[in-house]
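Structure, as structure tokens:
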Amino acid sequence: MMIEADVSLGEDDKTPIMAHPPITYSDLSLTEFLKAVLNSRKGIKLDFKTAAVIEPSLKILKGEVKSHEHTSPPIWLNADILLGPCESVLVSCDAVDAHIFLSLCTKFFPSATLSVGWTTGIFPSNDDYYEWPMVHSMRDLLANVTQPVTFAVRAKMVGKSMEQMLWLLSLSDTYTLTIWSGILDYPEIKDLVTLHNKVGDKKRIFYDLPPYQLAKILKELKLLA
């Protein structure tokens, strides 16, 4: 349904490129990426890795969308705007400035879905989860947001965070969950199935999982023969 990619600033600190920190170079610019994706039938999900890359990226996105008005794809704008259970020496655990992200996204794309999450590092432990202060802070940040919101939740942390995720969904009918996973994560599939079954409206839960993990949950849900 969606094509997701990470957006960072290039080494010249001016050009948005498709790269995940600590990599600061790429052979694919945001402009080139958008031209290709806008000619597909997929939605666009941009994951901003720093606050500085957001405004120049949204200006480029606005221009490209305007020049492809006949396509009108769904647009999701993502960033980790709060500190989560993150301990990493390989990448920064710093969150993207929430106020910059929310204000710029609302200004440039007031109808886009805001995909917001918490920093989690590369290799979370089995004891990590989204604690109540983390989800309460997210609620407070979104108090005045009127556009659709999806919470980006790491699959490995679903089991210990079940109550918190269901509570977030209860705050607004426009809130959804996007369950994502790293390719080297090993989430408990039974936890994902339990959450799926607890969410009444199945349109309020999305999955961004590696193929082998997606196949497992689809099989458990009897959606894959």
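Starting from 1 in every chain, residues are counted up; chains themselves are A, B, ... following the order of the structure tokens, and ligands are numbered from 1 as listed.
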Tell me, as a list in words, which residues lie within 9 Å of Phe123 of chain A, counting only C-alpha atoms; anything in the same chain fewer than 4 positions away does not count.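 Once the adjacent positions are removed, what remains is Cys86, Glu87, Ser88, Gly182, Leu184 and Asp185 of chain A.
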Dump as a tab-separated table (two decimals), in the first residue's frame, selection limited to C-alpha atoms:
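Heads up, here's the output in out.tsv:
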chain	number	residue	atom	x	y	z
A	86	CYS	CA	16.46	3.51	23.44
A	87	GLU	CA	20.00	2.51	24.32
A	88	SER	CA	22.41	2.52	21.41
A	182	GLY	CA	13.47	-4.45	12.18
A	184	LEU	CA	16.79	-8.62	12.83
A	185	ASP	CA	13.99	-8.32	15.40
Residues of segment 72-212 of chain A in helix (DSSP H, G or I), written as a ChimeraX atom specification: /A:98-108,132-141,155-157,159-170,189-198,202-204,211-212
Contacts of segment 64-75 of chain A at 8 Å (only C-alpha atoms; same-chain gap of 5+ positions) as a CSV table (one decimal) with N, CA, C and O atoms, in the first residue's frame:
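Contents of selection-v4.csv, freshly written:
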chain,number,residue,atom,x,y,z
A,31,THR,N,14.0,14.4,-4.5
A,31,THR,CA,13.3,14.8,-5.7
A,31,THR,C,13.2,13.6,-6.6
A,31,THR,O,12.1,13.3,-7.2
A,34,LEU,N,10.7,11.0,-5.3
A,34,LEU,CA,9.3,11.3,-5.4
A,34,LEU,C,8.8,11.2,-6.9
A,34,LEU,O,7.7,10.8,-7.1
A,35,LYS,N,9.7,11.6,-7.8
A,35,LYS,CA,9.3,11.5,-9.2
A,35,LYS,C,8.9,10.1,-9.6
A,35,LYS,O,8.0,9.8,-10.3
A,38,LEU,N,5.6,8.9,-7.4
A,38,LEU,CA,4.4,9.5,-7.8
A,38,LEU,C,3.8,9.0,-9.1
A,38,LEU,O,2.7,9.2,-9.4
A,39,ASN,N,4.7,8.3,-9.8
A,39,ASN,CA,4.2,7.6,-11.0
A,39,ASN,C,3.7,6.2,-10.8
A,39,ASN,O,3.4,5.4,-11.7
A,41,ARG,N,1.4,3.5,-8.1
A,41,ARG,CA,0.0,3.5,-7.5
A,41,ARG,C,0.1,3.4,-6.0
A,41,ARG,O,-0.9,3.0,-5.3
A,42,LYS,N,1.3,3.6,-5.4
A,42,LYS,CA,1.5,3.5,-4.0
A,42,LYS,C,1.4,4.8,-3.3
A,42,LYS,O,1.6,5.9,-3.8
A,43,GLY,N,1.1,4.7,-2.0
A,43,GLY,CA,1.1,5.9,-1.1
A,43,GLY,C,2.6,6.2,-0.8
A,43,GLY,O,3.5,5.4,-1.0
A,44,ILE,N,2.8,7.4,-0.2
A,44,ILE,CA,4.2,7.8,0.1
A,44,ILE,C,4.3,8.0,1.6
A,44,ILE,O,3.4,8.7,2.2
A,45,LYS,N,5.3,7.4,2.2
A,45,LYS,CA,5.6,7.6,3.6
A,45,LYS,C,7.0,8.1,3.7
A,45,LYS,O,8.0,7.3,3.4
A,112,ALA,N,-2.5,15.4,5.5
A,112,ALA,CA,-1.6,14.2,5.6
A,112,ALA,C,-1.8,13.4,6.9
A,112,ALA,O,-2.1,14.0,7.9
A,113,THR,N,-1.5,12.2,6.9
A,113,THR,CA,-1.5,11.4,8.1
A,113,THR,C,-0.1,11.6,8.8
A,113,THR,O,0.9,11.5,8.2
Could you state the separation of atom CA of Asp127 of chain A and atom CA of Ser161 of chain A in Å, given to one decimal place? 10.6 Å
Residues near Tyr25 of chain A, cut-off 10 Å, only C-alpha atoms, skip fewer than 6 positions along chain, as a list in words: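 Residues near the query, excluding close chain neighbours: Ser8, Leu9, Gly10, Glu11, Asp12, Pro16, Ile17, Met18 and Ala19 of chain A.
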All strand (DSSP E or B) positions in segment 28-171 of chain A, as a list in words: Ser29, Gly43, Ile44, Lys45, Leu46, Asp47, Phe48, Ile75, Trp76, Leu77, Asn78, Ala79, Asp80, Ile81, Leu82, Thr113, Leu114, Ser115, Val116, Gly117, Trp118, Val149, Thr150, Phe151, Ala152, Val153 and Arg154 of chain A
Non-local contacts of Gly117 of chain A (9 Å; only C-alpha atoms; under 6 positions in same chain excluded) as a ChimeraX atom specification: /A:78-84,138,150-154
Can I get the selected residues back with all heavy atoms, as an mmCIF file, in the first residue's frame?
data_model
loop_
_atom_site.group_PDB
_atom_site.id
_atom_site.type_symbol
_atom_site.label_atom_id
_atom_site.label_comp_id
_atom_site.auth_asym_id
_atom_site.auth_seq_id
_atom_site.Cartn_x
_atom_site.Cartn_y
_atom_site.Cartn_z
ATOM 1 N N ASN A 78 6.423 10.845 8.788
ATOM 2 C CA ASN A 78 6.833 10.117 9.988
ATOM 3 C C ASN A 78 8.077 10.718 10.644
ATOM 4 O O ASN A 78 8.992 11.172 9.961
ATOM 5 C CB ASN A 78 7.134 8.658 9.625
ATOM 6 C CG ASN A 78 7.541 7.833 10.834
ATOM 7 O OD1 ASN A 78 6.687 7.323 11.555
ATOM 8 N ND2 ASN A 78 8.838 7.693 11.075
ATOM 9 N N ALA A 79 8.101 10.658 11.972
ATOM 10 C CA ALA A 79 9.303 11.001 12.737
ATOM 11 C C ALA A 79 9.169 10.431 14.142
ATOM 12 O O ALA A 79 8.058 10.303 14.671
ATOM 13 C CB ALA A 79 9.512 12.506 12.799
ATOM 14 N N ASP A 80 10.303 10.079 14.730
ATOM 15 C CA ASP A 80 10.337 9.701 16.151
ATOM 16 C C ASP A 80 10.444 10.993 16.942
ATOM 17 O O ASP A 80 11.526 11.588 17.030
ATOM 18 C CB ASP A 80 11.530 8.795 16.438
ATOM 19 C CG ASP A 80 11.388 7.433 15.782
ATOM 20 O OD1 ASP A 80 10.236 7.018 15.523
ATOM 21 O OD2 ASP A 80 12.418 6.786 15.528
ATOM 22 N N ILE A 81 9.333 11.437 17.499
ATOM 23 C CA ILE A 81 9.291 12.767 18.123
ATOM 24 C C ILE A 81 9.426 12.735 19.638
ATOM 25 O O ILE A 81 9.435 13.788 20.278
ATOM 26 C CB ILE A 81 8.007 13.522 17.728
ATOM 27 C CG1 ILE A 81 6.754 12.770 18.189
ATOM 28 C CG2 ILE A 81 7.972 13.733 16.215
ATOM 29 C CD1 ILE A 81 5.464 13.550 17.964
ATOM 30 N N LEU A 82 9.548 11.545 20.210
ATOM 31 C CA LEU A 82 9.727 11.434 21.654
ATOM 32 C C LEU A 82 10.775 10.372 21.969
ATOM 33 O O LEU A 82 10.944 9.399 21.220
ATOM 34 C CB LEU A 82 8.413 11.052 22.339
ATOM 35 C CG LEU A 82 7.373 12.154 22.517
ATOM 36 C CD1 LEU A 82 6.081 11.566 23.090
ATOM 37 C CD2 LEU A 82 7.895 13.260 23.428
ATOM 38 N N LEU A 83 11.446 10.560 23.089
ATOM 39 C CA LEU A 83 12.398 9.555 23.546
ATOM 40 C C LEU A 83 11.647 8.318 24.002
ATOM 41 O O LEU A 83 10.653 8.402 24.728
ATOM 42 C CB LEU A 83 13.237 10.107 24.696
ATOM 43 C CG LEU A 83 14.185 11.261 24.364
ATOM 44 C CD1 LEU A 83 14.896 11.739 25.633
ATOM 45 C CD2 LEU A 83 15.213 10.829 23.323
ATOM 46 N N GLY A 84 12.130 7.174 23.561
ATOM 47 C CA GLY A 84 11.531 5.914 23.961
ATOM 48 C C GLY A 84 12.558 5.043 24.655
ATOM 49 O O GLY A 84 13.592 5.537 25.132
ATOM 50 N N MET A 138 2.974 11.647 24.581
ATOM 51 C CA MET A 138 2.490 11.667 23.206
ATOM 52 C C MET A 138 1.070 12.228 23.150
ATOM 53 O O MET A 138 0.744 13.049 22.274
ATOM 54 C CB MET A 138 2.520 10.261 22.620
ATOM 55 C CG MET A 138 2.165 10.195 21.139
ATOM 56 S SD MET A 138 3.388 11.013 20.078
ATOM 57 C CE MET A 138 4.647 9.736 19.947
ATOM 58 N N THR A 150 -1.210 8.175 13.095
ATOM 59 C CA THR A 150 -0.912 6.770 13.327
ATOM 60 C C THR A 150 0.321 6.682 14.218
ATOM 61 O O THR A 150 1.287 7.423 14.034
ATOM 62 C CB THR A 150 -0.698 6.000 12.005
ATOM 63 O OG1 THR A 150 -0.655 4.585 12.289
ATOM 64 C CG2 THR A 150 0.563 6.417 11.277
ATOM 65 N N PHE A 151 0.276 5.822 15.199
ATOM 66 C CA PHE A 151 1.397 5.660 16.120
ATOM 67 C C PHE A 151 2.295 4.532 15.614
ATOM 68 O O PHE A 151 1.838 3.404 15.422
ATOM 69 C CB PHE A 151 0.893 5.336 17.526
ATOM 70 C CG PHE A 151 0.027 6.403 18.113
ATOM 71 C CD1 PHE A 151 -1.352 6.247 18.171
ATOM 72 C CD2 PHE A 151 0.574 7.578 18.599
ATOM 73 C CE1 PHE A 151 -2.161 7.232 18.702
ATOM 74 C CE2 PHE A 151 -0.222 8.584 19.131
ATOM 75 C CZ PHE A 151 -1.601 8.408 19.181
ATOM 76 N N ALA A 152 3.556 4.860 15.398
ATOM 77 C CA ALA A 152 4.518 3.868 14.933
ATOM 78 C C ALA A 152 5.044 3.080 16.132
ATOM 79 O O ALA A 152 5.740 3.625 16.995
ATOM 80 C CB ALA A 152 5.670 4.561 14.202
ATOM 81 N N VAL A 153 4.707 1.811 16.185
ATOM 82 C CA VAL A 153 4.982 0.969 17.348
ATOM 83 C C VAL A 153 5.854 -0.210 16.934
ATOM 84 O O VAL A 153 5.525 -0.929 15.985
ATOM 85 C CB VAL A 153 3.663 0.443 17.953
ATOM 86 C CG1 VAL A 153 3.945 -0.457 19.142
ATOM 87 C CG2 VAL A 153 2.769 1.613 18.351
ATOM 88 N N ARG A 154 6.937 -0.413 17.643
ATOM 89 C CA ARG A 154 7.836 -1.514 17.308
ATOM 90 C C ARG A 154 7.228 -2.840 17.738
ATOM 91 O O ARG A 154 6.808 -3.020 18.887
ATOM 92 C CB ARG A 154 9.195 -1.311 17.965
ATOM 93 C CG ARG A 154 10.278 -2.215 17.380
ATOM 94 C CD ARG A 154 11.649 -1.690 17.689
ATOM 95 N NE ARG A 154 12.684 -2.398 16.946
ATOM 96 C CZ ARG A 154 13.937 -1.953 16.818
ATOM 97 N NH1 ARG A 154 14.292 -0.805 17.367
ATOM 98 N NH2 ARG A 154 14.829 -2.652 16.135
#
Gln164 of chain A surroundings by only C-alpha atoms, 8 Å radius, close-in-sequence under 2 positions cut, as a ChimeraX atom specification: /A:130-132,135,161-162,166-168
So that I can see what lies close to Leu209 of chain A, please list as JSON, numbers by chain the residues with an atom at most 9 Å from it, counting only C-alpha atoms and leaving out residues fewer than 3 positions away in the same chain. {"A": [155, 179, 180, 181, 182, 183, 212, 213, 214]}
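Shortest atom-to-atom contact with Asn197 of chain A among A:Met2, A:Ile54, A:Val37, A:Leu221: A:Leu221, counting only C-alpha atoms.
Interatomic distance, atom CA of Tyr175 of chain A against atom CA of Phe33 of chain A: 28.0 Å.
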Name the closest residue to Ile205 of chain A among the candidates A:Thr176, A:Ser111, A:Thr15, A:Pro187; distances are taken between atoms, counting only C-alpha atoms. A:Thr176
For Lys216 of chain A, which residue among A:Ile60, A:Ile189, A:Val199, A:Leu77 is the nearest when counting only C-alpha atoms? A:Ile189
